[in-house]
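What follows is a single structure, written as structure tokens, with notes after it.
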Amino acid sequence: MADNTQAAHGADAAHGAAAAGHAADAPGMPQLDFGTFPNQIFWLIVALVAIYFILSKVALPRIAGILADRQDTITNDIAAAEELKLKAKQAEAAYEKALADARSEATRIANDTKAAMQADLNEAIEKADAEISARAAESEKAIAEIRASALESVEAVAKDTTGALVAALGGQADEGRINAAVDARLKG
Amino acid sequence: MATESSEGGLVFHPMDQFIVSPLFGDGPVAWYTPTNVTLWLALTVAAIALLLVNSTRDARVVPGKAQSIAELAYGFVYKMVVDVTGKDGVKYFPYIMTLFMFIVVANFLGLLPMAFTTTSHIAVTAVLAVAVFLTVTILGFVLNGPSFLGMFWVSSAPLPLRPVLALIEVISYFVRPVSHSIRLAGNMMAGHAVIKVFAGFAAIAAISPLSVVAITAMYGLEVLVSFIQAYVFTILTCVYLRDALHPHH
């Protein structure tokens, strides 16, 4: 293995004789070339310290800040959404209430109108009834008058006829007696 | 990485990709030499900064793609820490996040062609694992005092068994950093080496289509392994941390 390494290095101009000789000293694995350990350890510690300071001074606080900001934003947004939801609910309740009010108002107005119309109707009916009864009474009176006058006429006609009959039969018509006789008959 | 030698045989160099070499010149690798390790560690740092800092510059409430990834990574690790260690583990979250981001980004960068995989080196993963081990051990004693040792004394077991169990627990406790580091380095190294071996076969014309298919399949698997190993390393760190915070389970 060491021979191979050396051969490769002989061919490779980038690694000079010193490096090739160095590799040849090493066992098969460059990992076990203890001569390079101080170098590796020194630079590793430098790199680790650099990374540690980059992370702890800049990167980690910054990322933590970003994550905290995001958490805050999310929390705030959720709170805002919750608030908006509450507002929407309130608006809905107000709308429902307005609707119910309007509905009851409408019902009330309908009822009022119905009552008013009923009252008007009742009044009109009453008036009509009164008129009808007045007319009926009038008619009745007229009929009674007609009946009375008719009766009177019957009496007069009866008396006249009776007088004429009596005269025609050659009797001396006594008006008083004729009247009495007709009256008695009519009553009978 | 494989070359057909003059004899016509195949020569594989699956491990050459792991060689640590200086960026400038060919001098010896001293502890301060800028090497390919330095380059790829720097790229890892830059990628993490790009991903977690640059993408969150606008800090939008509704995130874009890059910001989503950054937030996802944050949430992923944060949830892991809270779920495993509990609320009191949150103050160690930056450390865990550092570990996770380093491993996952280094693993993925290592999957780029011609890349150097820093996490495939036992030196790197051992430092990470030993750091976790020392942190957990010291933290355990600082927070709990000597009662931290009660972790090894399984009081729910029958009395005669307890010393045996304690021995096993102590051994397993000290094996933790070993398995913790070798698991990560081993996975990363093996996958990359296998890809290179398949790539070596591509030099033979007859096999090259199969080789390409195999490389593609291995690459897909390696993408998965890169994330899973970062996840495993991190969640084990959380588990060990929980032992330090709450030794009496």
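We label chains A, B, ... in the order they appear in the structure tokens, count residues from 1 in each chain, and number ligands from 1 in the order shown.
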
Select, as a ChimeraX atom specification, those residues of chain B with any atom no more than 6 Å from chain A (distances computed using only C-alpha atoms). /B:18-19,26,31-32,38,45,52-53,59,61,94,98,121,123

Go ahead and write the residues just picked, all heavy atoms, as a short mmCIF file (atom, residue, chain, number, x, y, z; two decimals), in the first residue's frame.
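Once everything was written out, this is result32.cif:
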```cif
data_model
loop_
_atom_site.label_atom_id
_atom_site.label_comp_id
_atom_site.auth_asym_id
_atom_site.auth_seq_id
_atom_site.Cartn_x
_atom_site.Cartn_y
_atom_site.Cartn_z
N PHE B 18 -7.32 10.89 1.30
CA PHE B 18 -7.31 11.28 2.71
C PHE B 18 -5.97 11.87 3.15
O PHE B 18 -5.79 12.20 4.30
CB PHE B 18 -7.63 10.06 3.60
CG PHE B 18 -8.96 9.43 3.27
CD1 PHE B 18 -9.05 8.10 2.89
CD2 PHE B 18 -10.12 10.18 3.34
CE1 PHE B 18 -10.27 7.53 2.60
CE2 PHE B 18 -11.34 9.61 3.05
CZ PHE B 18 -11.43 8.28 2.67
N ILE B 19 -5.02 11.94 2.19
CA ILE B 19 -3.67 12.41 2.57
C ILE B 19 -3.72 13.90 2.92
O ILE B 19 -4.32 14.71 2.19
CB ILE B 19 -2.68 12.16 1.43
CG1 ILE B 19 -2.44 10.66 1.30
CG2 ILE B 19 -1.37 12.90 1.68
CD1 ILE B 19 -1.61 10.27 0.10
N ASP B 26 5.80 22.29 -0.45
CA ASP B 26 5.82 20.88 -0.11
C ASP B 26 6.53 20.62 1.21
O ASP B 26 7.09 19.56 1.44
CB ASP B 26 6.54 20.10 -1.23
CG ASP B 26 5.72 20.15 -2.50
OD1 ASP B 26 4.49 20.00 -2.39
OD2 ASP B 26 6.31 20.35 -3.59
N TRP B 31 2.14 21.98 12.88
CA TRP B 31 0.79 22.17 13.42
C TRP B 31 0.11 23.40 12.86
O TRP B 31 -1.12 23.47 12.77
CB TRP B 31 0.83 22.20 14.95
CG TRP B 31 1.61 23.36 15.53
CD1 TRP B 31 2.93 23.37 15.83
CD2 TRP B 31 1.09 24.64 15.86
NE1 TRP B 31 3.30 24.58 16.30
CE2 TRP B 31 2.18 25.39 16.35
CE3 TRP B 31 -0.16 25.25 15.79
CZ2 TRP B 31 2.04 26.71 16.76
CZ3 TRP B 31 -0.30 26.56 16.20
CH2 TRP B 31 0.80 27.29 16.68
N TYR B 32 0.90 24.40 12.42
CA TYR B 32 0.29 25.64 11.93
C TYR B 32 0.21 25.70 10.41
O TYR B 32 -0.31 26.64 9.85
CB TYR B 32 1.12 26.84 12.43
CG TYR B 32 2.58 26.71 12.10
CD1 TYR B 32 3.07 27.09 10.85
CD2 TYR B 32 3.48 26.15 13.03
CE1 TYR B 32 4.40 26.92 10.54
CE2 TYR B 32 4.81 25.98 12.71
CZ TYR B 32 5.27 26.38 11.47
OH TYR B 32 6.57 26.22 11.14
N THR B 38 -7.08 22.56 6.43
CA THR B 38 -7.41 23.96 6.71
C THR B 38 -8.42 24.48 5.70
O THR B 38 -9.42 25.11 6.07
CB THR B 38 -6.14 24.83 6.63
OG1 THR B 38 -5.09 24.16 7.28
CG2 THR B 38 -6.38 26.18 7.24
N VAL B 45 -16.78 26.14 7.59
CA VAL B 45 -17.20 27.32 8.36
C VAL B 45 -17.97 28.28 7.46
O VAL B 45 -19.04 28.79 7.82
CB VAL B 45 -15.98 28.02 8.99
CG1 VAL B 45 -16.40 29.30 9.69
CG2 VAL B 45 -15.29 27.09 9.97
N LEU B 52 -26.64 29.57 7.74
CA LEU B 52 -27.36 29.99 8.94
C LEU B 52 -27.38 31.50 9.14
O LEU B 52 -28.26 32.02 9.81
CB LEU B 52 -26.76 29.32 10.17
CG LEU B 52 -26.93 27.80 10.24
CD1 LEU B 52 -26.44 27.29 11.57
CD2 LEU B 52 -28.36 27.39 10.02
N VAL B 53 -26.39 32.21 8.59
CA VAL B 53 -26.32 33.66 8.82
C VAL B 53 -26.85 34.41 7.61
O VAL B 53 -27.73 35.26 7.71
CB VAL B 53 -24.88 34.09 9.15
CG1 VAL B 53 -24.81 35.59 9.30
CG2 VAL B 53 -24.41 33.40 10.41
N ALA B 59 -34.69 37.82 7.60
CA ALA B 59 -35.54 37.46 8.74
C ALA B 59 -37.01 37.65 8.42
O ALA B 59 -37.74 38.37 9.08
CB ALA B 59 -35.16 38.27 9.98
N VAL B 61 -40.94 36.64 8.06
CA VAL B 61 -41.88 35.82 8.83
C VAL B 61 -42.30 34.60 8.00
O VAL B 61 -42.42 33.50 8.50
CB VAL B 61 -43.10 36.65 9.26
CG1 VAL B 61 -44.18 35.74 9.83
CG2 VAL B 61 -42.68 37.67 10.30
N PRO B 94 -26.35 25.51 21.95
CA PRO B 94 -25.38 26.03 20.97
C PRO B 94 -24.21 25.08 20.72
O PRO B 94 -23.74 24.96 19.60
CB PRO B 94 -24.89 27.33 21.61
CG PRO B 94 -26.01 27.74 22.49
CD PRO B 94 -26.61 26.48 23.02
N THR B 98 -23.40 23.40 17.22
CA THR B 98 -22.08 23.54 16.60
C THR B 98 -21.58 22.19 16.10
O THR B 98 -21.14 22.04 14.96
CB THR B 98 -21.08 24.12 17.62
OG1 THR B 98 -21.58 25.36 18.10
CG2 THR B 98 -19.72 24.31 17.00
N HIS B 121 -11.27 11.70 9.15
CA HIS B 121 -10.01 11.55 9.88
C HIS B 121 -10.28 11.31 11.35
O HIS B 121 -11.02 12.06 11.98
CB HIS B 121 -9.14 12.79 9.68
CG HIS B 121 -8.28 12.68 8.48
ND1 HIS B 121 -7.01 12.19 8.52
CD2 HIS B 121 -8.54 12.93 7.18
CE1 HIS B 121 -6.50 12.18 7.30
NE2 HIS B 121 -7.43 12.62 6.46
N ALA B 123 -8.38 11.81 13.70
CA ALA B 123 -7.89 12.91 14.52
C ALA B 123 -9.00 13.92 14.78
O ALA B 123 -9.17 14.43 15.90
CB ALA B 123 -6.71 13.60 13.84
#
```

Contact residues around region 191-196 of chain B with only C-alpha atoms at 6 Å, ignoring same-chain residues under 3 positions, as a ChimeraX atom specification: /B:14,188,199,215

Could you list, as a list in words, every residue within 6 Å of region 105-111 of chain B, counting only C-alpha atoms and ignoring same-chain residues fewer than 4 positions away?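 Listing them by chain and then by number gives Thr44, Met101, Ala115, Phe116, Thr117 and Ser226 of chain B.
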
Please dump the current selection as a PDB file, in the first residue's frame; keep C-alpha atoms.
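Result written to part-v3.pdb:
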```pdb
ATOM      1  CA  THR B  44     -17.149  24.184   6.217  1.00  0.00           C
ATOM      2  CA  MET B 101     -23.670  21.667  11.868  1.00  0.00           C
ATOM      3  CA  ALA B 115     -13.046  17.190  -1.894  1.00  0.00           C
ATOM      4  CA  PHE B 116     -11.157  16.390   1.264  1.00  0.00           C
ATOM      5  CA  THR B 117     -13.383  14.853   3.918  1.00  0.00           C
ATOM      6  CA  SER B 226     -23.505  11.617   5.767  1.00  0.00           C
TER       7      SER B 226
END
```

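Residue nearest Phe233 (chain B), chosen from B:Val77, B:Ala217, B:Leu184, B:Val154 and counting only C-alpha atoms: B:Leu184.
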
List every residue of region 53-239 of chain B that DSSP, applied to the backbone of this structure, places in alpha helix (DSSP H), and write the result as a VMD selection string. chain B and resid 65 to 85 93 to 110 122 to 144 162 to 201 208 to 239

Show which residues sit within 12 Å of Ala156 (chain A), as a ChimeraX atom specification. Count only C-alpha atoms, and ignore same-chain residues fewer than 4 positions away. /A:149-152,160-164,175,178-179,182-183,186

Just to confirm, what's the straight-line distance from CA of Val104 (chain B) to CA of Ala202 (chain B) in Å (one decimal)?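 Taking CA of Val104 (chain B) as the start and CA of Ala202 (chain B) as the end point, the length is 29.2 Å.
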
What does the structure give for the distance between CA of Arg183 (chain B) and CA of Gln229 (chain B), in Å to one decimal? 7.9 Å
